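This report concerns only the one structure given below.
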Amino acid sequence: MQPISLPKNWTPSSWQSFPAKQQAHYDDPEALQSALDTLASLPPLVTSWEVMSLKGLLAEVQAGKRFLLQGGDCAESFADCNPSIISNRLKVLLQMSLVLIHGLHMPVVRVGRFAGQFAKPRSIDTETRDGVTLPSYRGDLVNDQSFTAEARRPDPQRLLQGHANSAITMNFVRALIEGGFADLHHPEYWDLDWMAHSEQYREYQELVKSISDSVHFSEILAGRKLNNLSRVDFFSSHEALHLPYEQALTRQVPRQWGWFNLSTHFPWIGLRTNDVDGAHVEFLRGIRNPVGVKVGADTSSADLVRLASLLNPQREAGKLLFIHRLGAEHVEDALPRMIQAMQKSGHEVIWSCDPMHGNTESTQNGFKTRRFENIRNELELSFQIHKKMGSHLGGVHLELTGENVTECLGGARELVEADLHKAYKSQVDPRLNYEQSLELAMAIVGQFQRL
Ligand code: PEP
Ligand code: CO
């Protein structure tokens, strides 16, 4: 395929002449360079074919013919690179996507926040405890969360470990999917140990039964097994925060023009690094992957339009996602203005709603949490506002886990503040647990059907 046109004055390292926020500061530049050289020589984590196939599916999302489900941990950790955590996360995403497909009457594209979600932006550069000040924890790709000077020192070897852990995770996910784990003939493969007593599970089981009956019926009619029900596509995504790491995995490939970031299928930039004149936008504008930008109430209308012109100058379908994260309190004020700005500009984007990051609060006993009610409200309001304005919400971006955690308040089990300590495992943001995730998928369906 011929290039529409190559991005002007762009190279994988051109971001280095722009102000880069939220970067790690290494005290041994040679050790850093050596780790980056090794990284640049290693095989990529994904292929350009997969990236292009995701872009095609996202073009269907843009056209309103498919729904995007993106979800996973706020931050992956090296310690959590184990089979049960990975497969439980996959199970929840598969169950949610089944609920969505059934209720929305639309195919779903599944994108995990995994296999590389290791770098975190922080509000402040340092952390002080009992009079001791150390660099903040910036994710396992950079340093360790223990509060000692050695642990908090950015270590370039972690870049290689991050690449290896992403490869291990991706390999396991691919093997599960290829091996039949996602086979619609066997939705029981996705059952989790702790879901039997859950209210959502009963509703989910009824839905599974009705789907199984339809599959069975279609197979009788067809006189054969429907083989294309045995596998699904699963894509990876992470915040492209650590630019030297992203650069080392940005490659040219045979028989394709331009550059691909092959550290993940779908990189996005976070709210703290979305400056139009900053290094992260510069980096993202040159790659052929579909890309996302988190946008908030403070992102001006002019910046939204500049972001779209820089990141998708050729107006390619399936290329650019704006992930709005406004908070239930602000969504009605901010979202109409954002949608209108894009409509006036003539740029089309895919809108996705992150109902997590605008709804974070702290409890009196110091837990960072989110209320299920606010998460659901922001999502429902977003659907309604898009519809009212002649736009449509293409997908959701969630922080969730298949583990039985108590990090977000509310939901059908009505978790209260006193419950949070029972199984609060996140080192960064609070995640929806299995029940809350399934309940949210059902709420999405309910809202969609009421539109
Ligand atoms: C995140 O997605 O974990 C995050 C930090 O989000 P945001 O950039 O929207 O604050
Ligand atoms: Co987060």
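Scheme for the structure tokens: letters A, B, ... for chains in order shown; per-chain residue numbers from 1; ligand numbers from 1 in order shown.
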
Can you list every residue of chain A that has an atom at most 7 Å from ligand 1, with its nearest atom pair and the distance in Å to one decimal, using only C-alpha atoms and all ligand atoms, ordered by chain then number, as JSON lines?
```
{"residue": "A:Cys74", "atom": "CA", "partner": "ligand 1", "partner_atom_place_in_ligand_line": "3 (O)", "distance": 4.7}
{"residue": "A:Ala75", "atom": "CA", "partner": "ligand 1", "partner_atom_place_in_ligand_line": "3 (O)", "distance": 6.9}
{"residue": "A:Lys120", "atom": "CA", "partner": "ligand 1", "partner_atom_place_in_ligand_line": "5 (C)", "distance": 6.5}
{"residue": "A:Pro121", "atom": "CA", "partner": "ligand 1", "partner_atom_place_in_ligand_line": "5 (C)", "distance": 6.0}
{"residue": "A:Ile269", "atom": "CA", "partner": "ligand 1", "partner_atom_place_in_ligand_line": "8 (O)", "distance": 6.9}
{"residue": "A:Gly270", "atom": "CA", "partner": "ligand 1", "partner_atom_place_in_ligand_line": "8 (O)", "distance": 3.3}
{"residue": "A:Leu271", "atom": "CA", "partner": "ligand 1", "partner_atom_place_in_ligand_line": "8 (O)", "distance": 3.8}
{"residue": "A:Arg272", "atom": "CA", "partner": "ligand 1", "partner_atom_place_in_ligand_line": "8 (O)", "distance": 5.8}
{"residue": "A:Lys294", "atom": "CA", "partner": "ligand 1", "partner_atom_place_in_ligand_line": "9 (O)", "distance": 5.2}
{"residue": "A:Arg325", "atom": "CA", "partner": "ligand 1", "partner_atom_place_in_ligand_line": "9 (O)", "distance": 6.1}
{"residue": "A:His357", "atom": "CA", "partner": "ligand 1", "partner_atom_place_in_ligand_line": "9 (O)", "distance": 5.5}
```

Expected file: the selected residues, N, CA, C and O atoms, as a tab-separated table (two decimals), in the first residue's frame:
```
chain	number	residue	atom	x	y	z
A	74	CYS	N	-5.13	-0.66	36.23
A	74	CYS	CA	-4.59	0.69	36.14
A	74	CYS	C	-3.11	0.55	35.81
A	74	CYS	O	-2.62	1.17	34.88
A	75	ALA	N	-2.42	-0.26	36.60
A	75	ALA	CA	-1.02	-0.56	36.32
A	75	ALA	C	-0.80	-2.05	36.49
A	75	ALA	O	-1.21	-2.62	37.50
A	120	LYS	N	3.57	4.67	34.84
A	120	LYS	CA	2.51	5.50	35.39
A	120	LYS	C	2.91	6.96	35.53
A	120	LYS	O	4.00	7.27	36.03
A	121	PRO	N	2.00	7.87	35.13
A	121	PRO	CA	2.24	9.29	35.42
A	121	PRO	C	1.93	9.56	36.89
A	121	PRO	O	1.09	8.89	37.47
A	269	ILE	N	-2.18	8.35	24.91
A	269	ILE	CA	-1.49	9.26	25.81
A	269	ILE	C	-2.44	9.74	26.88
A	269	ILE	O	-3.64	9.93	26.64
A	270	GLY	N	-1.90	9.89	28.08
A	270	GLY	CA	-2.72	10.22	29.24
A	270	GLY	C	-3.00	11.71	29.30
A	270	GLY	O	-2.44	12.53	28.56
A	271	LEU	N	-3.87	12.05	30.24
A	271	LEU	CA	-4.29	13.44	30.40
A	271	LEU	C	-3.11	14.36	30.73
A	271	LEU	O	-3.04	15.49	30.28
A	272	ARG	N	-2.18	13.84	31.53
A	272	ARG	CA	-1.07	14.70	31.98
A	272	ARG	C	-0.02	14.95	30.88
A	272	ARG	O	0.85	15.77	31.06
A	294	LYS	N	-6.37	10.79	26.08
A	294	LYS	CA	-7.30	11.07	27.17
A	294	LYS	C	-7.57	12.57	27.17
A	294	LYS	O	-6.62	13.38	27.09
A	325	ARG	N	-12.69	11.66	30.02
A	325	ARG	CA	-12.73	11.23	31.43
A	325	ARG	C	-13.03	12.48	32.23
A	325	ARG	O	-12.17	13.24	32.65
A	357	HIS	N	-11.48	7.76	35.76
A	357	HIS	CA	-10.48	8.71	36.26
A	357	HIS	C	-11.01	10.06	36.68
A	357	HIS	O	-10.32	10.80	37.36
```

Margin query: Report as number ranges by chain all protein, DNA and RNA residues lying within 6 Å of region 373-375 of chain A, evaluated on only C-alpha atoms, omitting residues in the same chain fewer than 3 positions from it.
Written below: A: 328, 355, 378

Residues from the last selection, C-alpha atoms, saved as a CSV table (one decimal), in the first residue's frame:
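Writing done, so here's selection.csv:
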```
chain,number,residue,atom,x,y,z
A,328,ALA,CA,-20.1,12.3,36.7
A,355,PRO,CA,-15.8,6.8,33.6
A,378,GLU,CA,-21.0,9.2,33.9
```

Checklist line | Atomic separation - CA of Ala79 (chain A) relative to CA of Leu134 (chain A), Å | finding: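 Calculated distance between CA of Leu134 (chain A) and CA of Ala79 (chain A) is 22.1 Å.
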
Notebook entry, point to check: With only C-alpha atoms and all ligand atoms as the atoms that count, which of A:Ser309, A:Gln200, A:Thr360, A:Ser97 lies nearest to ligand 2?
Noted result: A:Thr360

Notebook entry, point to check: Per DSSP on the backbone, what are the helix (DSSP H, G or I) residues of region 192-301 of chain A, as a ChimeraX atom specification?
Noted result: /A:193-195,199-222,227-229,243-248,271-273,279-285,301

Next item on the list: For ligand 2, list the contacting residues at 12 Å or closer, counting only C-alpha atoms and all ligand atoms, as a ChimeraX atom specification.
Entry: /A:71-76,113,117-122,139,238-239,270-272,294,325,354-360,368-370,397-400,426-432

Notebook entry, point to check: Which of region 171-402 of chain A counts as strand (DSSP E) under DSSP, as a count of residues only please?
Noted result: 41
